[in-house]
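**Student:** Okay, here's the structure, questions in a sec.
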Amino acid sequence: MDDARVGALLVLCSAAGFGTLGIFGTVAGDAGLSIPTVLFFRFSLATVLVWAILGVRGRLKPLRGRNLLAGIALGAFGYAAMSGLYFLGLEFMTAGLVGIILYTYPVFVLVLAAVFLDEPIGRRSIAALAVTLSGIALITGADPAAADPRGVGIVLLAALVYASYITASRTTLEDVAAPILTAHVMPAAAVTFLVIGLGTDSLAMPSGTVAWGTILAIAVFATAVPIFTFFAGLSRIGAGPAAILSTVEPVITVVLGAIFLAEPVSAVVAGGGTLVLLGVVLVPRR
């Protein structure tokens with residue numbers, strides 16, 4: 001198998017892994033695990049795996065000085081906030097809908113890059129924005145029972161925070177490799193949820209096979225593994241093709257939600273989701 005096909009398969013594996021996050025998150029909530037508990041253990045365990053793998057490969061390079069502070073801030077405030085909002089959204093909507101709405105973040109990146117990085121917005125960019133927003137409007141307007149307005153607002157905010165995180169990463173850590181940044185973002189996010197959990201008395205040790213199994217699945221299959229498979233695929237096929245292939249992520253979440261959680265998938269949700277993904281594909285690639 002040639003390198004390009006291997007790269008494509010790796011990116012698709014990454015999308016499949018990230019696509020399970022909403023499913024496992026729903027199961028974790030049903031098992032009685034609080035959001036701070038799930039996310040503290042998610043980021044703590046994933047940190048151990050990521051640092052171990054980078055160390056074995058000889059690619060672990062701890063950040064220092066300004067870059068270290070920037071990495072900690074991005075994790076403690078940016079990625080932590082996005083993750084918390086994502087899991088909060090799961091309390092109001094199905095995992096499939098949360099996955100679809102979160103995937104508006106590339107369009108937010110487009111707008112933020114235009115505002116803060118002076119990157120031009122052409123006709124294709126405007127078309128991408130219009131198509132994506134049309135998809136969200138279709139879902140929330142035509143099927144309000146499925147798309148709780150509170151959930152939509154929460155997940156759109158998560159998408160905006162994630163887009164801000166990506167934009168800030170590009171401007172403040174231009175000389176830091178993405179895997180190294182990730183290795184510093186995750187422990188910072190873990191500390192954030194440790195503090196929140198202790199402060200709100202909502203942090204607890206998981207108990208039972210289902211709880212621990214879900215936590216491990218989130219840390220390994222929905223976090224660490226897709227991180228490395230994405231970077232491995234990215235190095236083989238480039239950013240543009242990788243970004244396009246990654247759009248299958250919310251589709252996988254919708255399919256898995258329908259199969260394992262019996263989540264309904266109406267024609268309106270399918271149509272709106274298709275528009276969101278089309279808008280993402282239309283976003284110009286760097």
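Chain labels A, B, ... are given in the sequence in which chains occur in the structure tokens; within each chain residues are numbered consecutively from 1, and ligands are likewise numbered from 1 in the order shown.
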Please identify all polymer residues within 7 Å of A:Ala190, counting only C-alpha atoms, omitting same-chain residues fewer than 3 positions from it, and present them as a PyMOL selection string.
**Tutor:** chain A and resi 39-40+43-44+186-187+193-194
**Student:** Tell me, in Å to one decimal, how far atom CA of A:Ala243 is from atom CA of A:Ala113.
**Tutor:**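 Straight-line distance from atom CA of A:Ala243 to atom CA of A:Ala113 works out to 16.7 Å.
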**Student:** What are the DSSP alpha helix (DSSP H) residues of stretch 61-99 of chain A, as a ChimeraX atom specification?
**Tutor:** /A:65-73,80-89,95-99
**Student:** Identify, on the basis of only C-alpha atoms, every residue whose closest approach to stretch 209-220 of chain A does not exceed 6 Å; exclude the query and any residue fewer than 6 positions from it along the same chain; express the result as a list in words.
**Tutor:**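 With the cut-off at 6 Å, the set is Arg42, Leu45 and Ala46 of chain A.
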**Student:** With all heavy atoms retained, export the selected residues as an mmCIF file, in the first residue's frame.
**Tutor:**
data_model
loop_
_atom_site.group_PDB
_atom_site.id
_atom_site.type_symbol
_atom_site.label_atom_id
_atom_site.label_comp_id
_atom_site.auth_asym_id
_atom_site.auth_seq_id
_atom_site.Cartn_x
_atom_site.Cartn_y
_atom_site.Cartn_z
ATOM 1 N N ARG A 42 -9.602 11.744 31.864
ATOM 2 C CA ARG A 42 -9.304 11.696 30.428
ATOM 3 C C ARG A 42 -7.944 12.310 30.140
ATOM 4 O O ARG A 42 -7.092 11.680 29.500
ATOM 5 C CB ARG A 42 -10.377 12.460 29.645
ATOM 6 C CG ARG A 42 -10.074 12.558 28.157
ATOM 7 C CD ARG A 42 -10.833 13.660 27.455
ATOM 8 N NE ARG A 42 -10.548 13.647 26.023
ATOM 9 C CZ ARG A 42 -10.920 14.606 25.179
ATOM 10 N NH1 ARG A 42 -11.587 15.662 25.609
ATOM 11 N NH2 ARG A 42 -10.618 14.510 23.887
ATOM 12 N N LEU A 45 -4.783 10.475 32.125
ATOM 13 C CA LEU A 45 -4.351 9.208 31.541
ATOM 14 C C LEU A 45 -3.784 9.408 30.141
ATOM 15 O O LEU A 45 -2.778 8.786 29.770
ATOM 16 C CB LEU A 45 -5.528 8.231 31.501
ATOM 17 C CG LEU A 45 -6.070 7.795 32.870
ATOM 18 C CD1 LEU A 45 -7.323 6.934 32.701
ATOM 19 C CD2 LEU A 45 -5.007 7.033 33.653
ATOM 20 N N ALA A 46 -4.420 10.277 29.351
ATOM 21 C CA ALA A 46 -3.918 10.540 28.004
ATOM 22 C C ALA A 46 -2.544 11.198 28.062
ATOM 23 O O ALA A 46 -1.689 10.935 27.205
ATOM 24 C CB ALA A 46 -4.895 11.422 27.237
#
**Student:** To one decimal place, how far is atom CA of A:Thr132 from atom CA of A:Ala147 in Å?
**Tutor:** 15.8 Å
**Student:** From the list A:Val11, A:Val268, A:Ala76, A:Leu88, which residue is nearest A:Ser134 when using only C-alpha atoms?
**Tutor:**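 Of A:Val11, A:Val268, A:Ala76, A:Leu88, the one nearest A:Ser134 is A:Val268, counting only C-alpha atoms.
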**Student:** For A:Val281, list every protein, DNA or RNA residue within 12 Å, evaluated using only C-alpha atoms, and leave out those in the same chain fewer than 6 positions away; present the list as a PyMOL selection string.
**Tutor:** chain A and resi 103-104+106-107+124-125+127-129+131-132+240-248+274-275
**Student:** Can you list, as a PyMOL selection string, every protein, DNA or RNA residue that comes within 12 Å of A:Pro250 when you count only C-alpha atoms, leaving out same-chain residues fewer than 6 positions away?
**Tutor:** chain A and resi 12+15-23+94-104+256-257+269-270+273-274+276-277+280
**Student:** How far is it from atom CA of A:Leu278 to atom CA of A:Gly135, in Å with one decimal?
**Tutor:** 9.2 Å
